[in-house]
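This report refers to the structure that appears directly beneath it.
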Amino acid sequence: MNTTTRSGRPALTRPDGTPLRVLVVDDDPDLAEVLTGALRYEGWQVRAAADGASALAAARDLQPDAVVLDVMLPDTDGFAVLRELHTVRPGVCVLFLTARDAVEDRIAGLTAGGDDYVTKPFSLEEVVARVRGLLRRAGLARQLDEGPRLVVGDLAMDEEAREVTRAGELIELSPTEFELLRFLMRNPRRVLSKAQILDRVWSYDFGGRAHVVELYISYLRKKVDAGREPMIHTVRGAGYVLKPATR
């Protein structure tokens, strides 16, 4: 079995070795065609849909692992499609495509249940990198570099079971929250900049998207530190650090 794609990147498959499944939803046929081609180049099974209704029909048939979803569609919007997608395929990863560049629109997509977004115009390389990152974070792609268990103070992570506990209490995390916490736990007591976190967790270069990191750090704090001695600390002007609680 090939361990790299034709582009030279490490190959990603489902944990059982079968091709990952991706649905592309965009009403621009030219854009949909090039996106589909770029994702198939990764060795994945890819299907395209031009509107919300056909996207949901395709999702029921394909059962995709990830969806590349345009916000503006001829019959509805991407947020409505996302809500329906989650009833068809609850664990699906969603990357929004949007022409909107306002911070409020970006955060709206993430808080609606999307996992990431790209703003048009974008490069195909960026879209592929984002989808690969989403699939890795969600545990839907085979990863060879994961260790079995991480422990920092009373915080423990079982990477294979994808379970996190603090003082023995189970903490439920989203795929993105899990990957962010894993990066922090692999680098305890080390200050990590927002650029480093974006590059590792979201798999793309820093470009003024610091608010995404801030948003997910706040989510993590509410789950990991709520009612407990804080472990996640902000180092002003430098980034974030995870340290064992002092008591």
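In the structure tokens, the first chain shown is A, the next is B, and so on; residue numbers restart at 1 for each chain, and ligands run from 1 in the order shown.
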Considering only alpha helix (DSSP H) as DSSP defines it on the backbone, what residues of segment 4-246 of chain A qualify? List them as a count of residues only. 83
Find the spatial neighbours of Val68 of chain A, counting only C-alpha atoms, within a cut-off of 10 Å - ignore same-chain residues fewer than 4 positions away - and output them as a list in words. Val22, Leu23, Val24, Val25, Asp26, Ala32, Leu35, Thr36, Ala48, Cys93, Val94, Leu95, Phe96, Leu97, Asp116, Tyr117, Val118, Val127, Val128, Arg130 and Val131 of chain A
Would you pick out the contacts of Gly113 of chain A at 12 Å or less, using only C-alpha atoms, so that residues sharing its chain but fewer than 6 positions from it are not included, and give the list as a compact mmCIF listing (two decimals) with all heavy atoms, in the first residue's frame?
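Ended up saving to result-v9.txt:
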```
# COMPACT_ATOMS: atom_id res chain seq x y z
N GLY A 78 -25.60 27.41 3.59
CA GLY A 78 -24.80 26.32 4.12
C GLY A 78 -25.09 26.00 5.57
O GLY A 78 -24.96 24.85 5.99
N PHE A 79 -25.50 26.99 6.36
CA PHE A 79 -25.79 26.74 7.76
C PHE A 79 -26.99 25.81 7.91
O PHE A 79 -27.01 24.93 8.76
CB PHE A 79 -26.04 28.05 8.50
CG PHE A 79 -24.89 29.02 8.44
CD1 PHE A 79 -25.10 30.36 8.22
CD2 PHE A 79 -23.58 28.58 8.58
CE1 PHE A 79 -24.04 31.26 8.15
CE2 PHE A 79 -22.51 29.45 8.51
CZ PHE A 79 -22.75 30.79 8.30
N ALA A 80 -28.02 26.02 7.06
CA ALA A 80 -29.19 25.13 7.10
C ALA A 80 -28.82 23.71 6.66
O ALA A 80 -29.27 22.73 7.23
CB ALA A 80 -30.30 25.69 6.20
N VAL A 81 -27.96 23.64 5.62
CA VAL A 81 -27.51 22.32 5.16
C VAL A 81 -26.72 21.63 6.26
O VAL A 81 -26.88 20.42 6.49
CB VAL A 81 -26.64 22.46 3.89
CG1 VAL A 81 -26.04 21.12 3.49
CG2 VAL A 81 -27.48 23.02 2.74
N LEU A 82 -25.90 22.38 6.99
CA LEU A 82 -25.10 21.80 8.07
C LEU A 82 -26.00 21.16 9.14
O LEU A 82 -25.72 20.06 9.61
CB LEU A 82 -24.23 22.89 8.70
CG LEU A 82 -23.43 22.49 9.95
CD1 LEU A 82 -22.45 21.38 9.64
CD2 LEU A 82 -22.71 23.70 10.52
N ARG A 83 -27.06 21.86 9.50
CA ARG A 83 -27.97 21.31 10.52
C ARG A 83 -28.56 19.98 10.05
O ARG A 83 -28.65 19.02 10.84
CB ARG A 83 -29.08 22.31 10.82
CG ARG A 83 -28.60 23.53 11.62
CD ARG A 83 -29.75 24.35 12.13
NE ARG A 83 -30.46 25.04 11.04
CZ ARG A 83 -30.14 26.24 10.58
NH1 ARG A 83 -29.10 26.89 11.11
NH2 ARG A 83 -30.83 26.80 9.62
N GLU A 84 -28.95 19.90 8.79
CA GLU A 84 -29.50 18.65 8.26
C GLU A 84 -28.42 17.57 8.13
O GLU A 84 -28.67 16.39 8.37
CB GLU A 84 -30.16 18.91 6.90
CG GLU A 84 -31.40 19.76 6.97
CD GLU A 84 -32.51 19.09 7.77
OE1 GLU A 84 -32.67 17.86 7.67
OE2 GLU A 84 -33.19 19.80 8.53
N LEU A 85 -27.22 17.99 7.75
CA LEU A 85 -26.11 17.03 7.61
C LEU A 85 -25.85 16.31 8.93
O LEU A 85 -25.57 15.12 8.96
CB LEU A 85 -24.84 17.75 7.16
CG LEU A 85 -24.64 17.99 5.67
CD1 LEU A 85 -23.43 18.88 5.45
CD2 LEU A 85 -24.49 16.67 4.93
N HIS A 86 -25.94 17.06 10.02
CA HIS A 86 -25.65 16.46 11.32
C HIS A 86 -26.70 15.44 11.74
O HIS A 86 -26.44 14.61 12.60
CB HIS A 86 -25.51 17.56 12.38
CG HIS A 86 -24.17 18.22 12.36
ND1 HIS A 86 -23.92 19.43 12.95
CD2 HIS A 86 -23.00 17.84 11.79
CE1 HIS A 86 -22.65 19.76 12.76
NE2 HIS A 86 -22.07 18.81 12.07
N PRO A 90 -23.85 12.45 11.94
CA PRO A 90 -23.53 13.28 13.11
C PRO A 90 -22.05 13.64 13.27
O PRO A 90 -21.73 14.73 13.70
CB PRO A 90 -24.02 12.42 14.28
CG PRO A 90 -25.09 11.56 13.70
CD PRO A 90 -24.63 11.26 12.30
N GLY A 91 -21.14 12.74 12.92
CA GLY A 91 -19.73 13.00 13.16
C GLY A 91 -18.98 13.62 12.00
O GLY A 91 -17.76 13.72 12.04
N VAL A 92 -19.70 14.08 10.97
CA VAL A 92 -19.04 14.57 9.77
C VAL A 92 -18.28 15.87 10.05
O VAL A 92 -18.72 16.72 10.83
CB VAL A 92 -20.07 14.79 8.63
CG1 VAL A 92 -20.99 15.96 8.93
CG2 VAL A 92 -19.37 14.97 7.29
N CYS A 93 -17.11 16.03 9.44
CA CYS A 93 -16.33 17.26 9.52
C CYS A 93 -16.80 18.21 8.41
O CYS A 93 -17.02 17.78 7.29
CB CYS A 93 -14.84 16.98 9.32
SG CYS A 93 -14.13 15.88 10.53
N VAL A 94 -16.92 19.50 8.71
CA VAL A 94 -17.42 20.46 7.73
C VAL A 94 -16.46 21.63 7.60
O VAL A 94 -16.12 22.29 8.59
CB VAL A 94 -18.82 20.97 8.11
CG1 VAL A 94 -19.28 22.05 7.14
CG2 VAL A 94 -19.82 19.82 8.11
N LEU A 95 -16.02 21.86 6.37
CA LEU A 95 -15.19 23.02 6.03
C LEU A 95 -16.05 23.96 5.21
O LEU A 95 -16.49 23.61 4.10
CB LEU A 95 -13.97 22.59 5.23
CG LEU A 95 -13.11 23.71 4.64
CD1 LEU A 95 -12.41 24.49 5.75
CD2 LEU A 95 -12.08 23.15 3.67
N PHE A 96 -16.32 25.16 5.72
CA PHE A 96 -17.12 26.13 4.99
C PHE A 96 -16.29 26.89 3.96
O PHE A 96 -15.13 27.25 4.23
CB PHE A 96 -17.73 27.16 5.96
CG PHE A 96 -19.01 26.73 6.60
CD1 PHE A 96 -19.13 26.62 7.97
CD2 PHE A 96 -20.13 26.44 5.81
CE1 PHE A 96 -20.31 26.23 8.57
CE2 PHE A 96 -21.32 26.05 6.40
CZ PHE A 96 -21.41 25.94 7.76
N ARG A 106 -17.32 34.50 10.08
CA ARG A 106 -16.45 33.34 10.29
C ARG A 106 -16.81 32.62 11.59
O ARG A 106 -16.94 31.40 11.62
CB ARG A 106 -14.98 33.79 10.36
CG ARG A 106 -14.47 34.46 9.09
CD ARG A 106 -13.06 34.95 9.32
NE ARG A 106 -12.55 35.65 8.15
CZ ARG A 106 -11.34 36.19 8.10
NH1 ARG A 106 -10.53 36.11 9.13
NH2 ARG A 106 -10.94 36.82 7.02
N ILE A 107 -16.97 33.39 12.66
CA ILE A 107 -17.29 32.79 13.94
C ILE A 107 -18.69 32.18 13.91
O ILE A 107 -18.93 31.14 14.53
CB ILE A 107 -17.15 33.83 15.08
CG1 ILE A 107 -15.66 34.22 15.21
CG2 ILE A 107 -17.67 33.29 16.39
CD1 ILE A 107 -15.39 35.23 16.28
N SER A 174 -15.00 18.35 21.64
CA SER A 174 -15.20 18.25 20.20
C SER A 174 -13.88 17.83 19.56
O SER A 174 -12.82 17.90 20.20
CB SER A 174 -15.63 19.61 19.64
OG SER A 174 -14.54 20.52 19.67
N PRO A 175 -13.89 17.39 18.29
CA PRO A 175 -12.63 17.02 17.64
C PRO A 175 -11.57 18.12 17.66
O PRO A 175 -10.39 17.86 17.91
CB PRO A 175 -13.07 16.69 16.21
CG PRO A 175 -14.47 16.21 16.35
CD PRO A 175 -15.06 17.07 17.44
N THR A 176 -11.99 19.37 17.42
CA THR A 176 -11.02 20.47 17.41
C THR A 176 -10.49 20.73 18.82
O THR A 176 -9.29 20.97 19.01
CB THR A 176 -11.65 21.73 16.83
OG1 THR A 176 -12.10 21.47 15.50
CG2 THR A 176 -10.64 22.88 16.78
```
Nearest-residue call for Pro230 of chain A, choices A:Val201, A:Ala55, A:Leu73, A:Leu155, using only C-alpha atoms: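 Comparing A:Val201, A:Ala55, A:Leu73, A:Leu155 against Pro230 of chain A, the winner is A:Leu155.
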What's the 6 Å shell around segment 133-143 of chain A, counting only C-alpha atoms, without same-chain residues fewer than 2 positions away, as a PyMOL selection string? chain A and resi 12-15+130-131+145+175+179+203
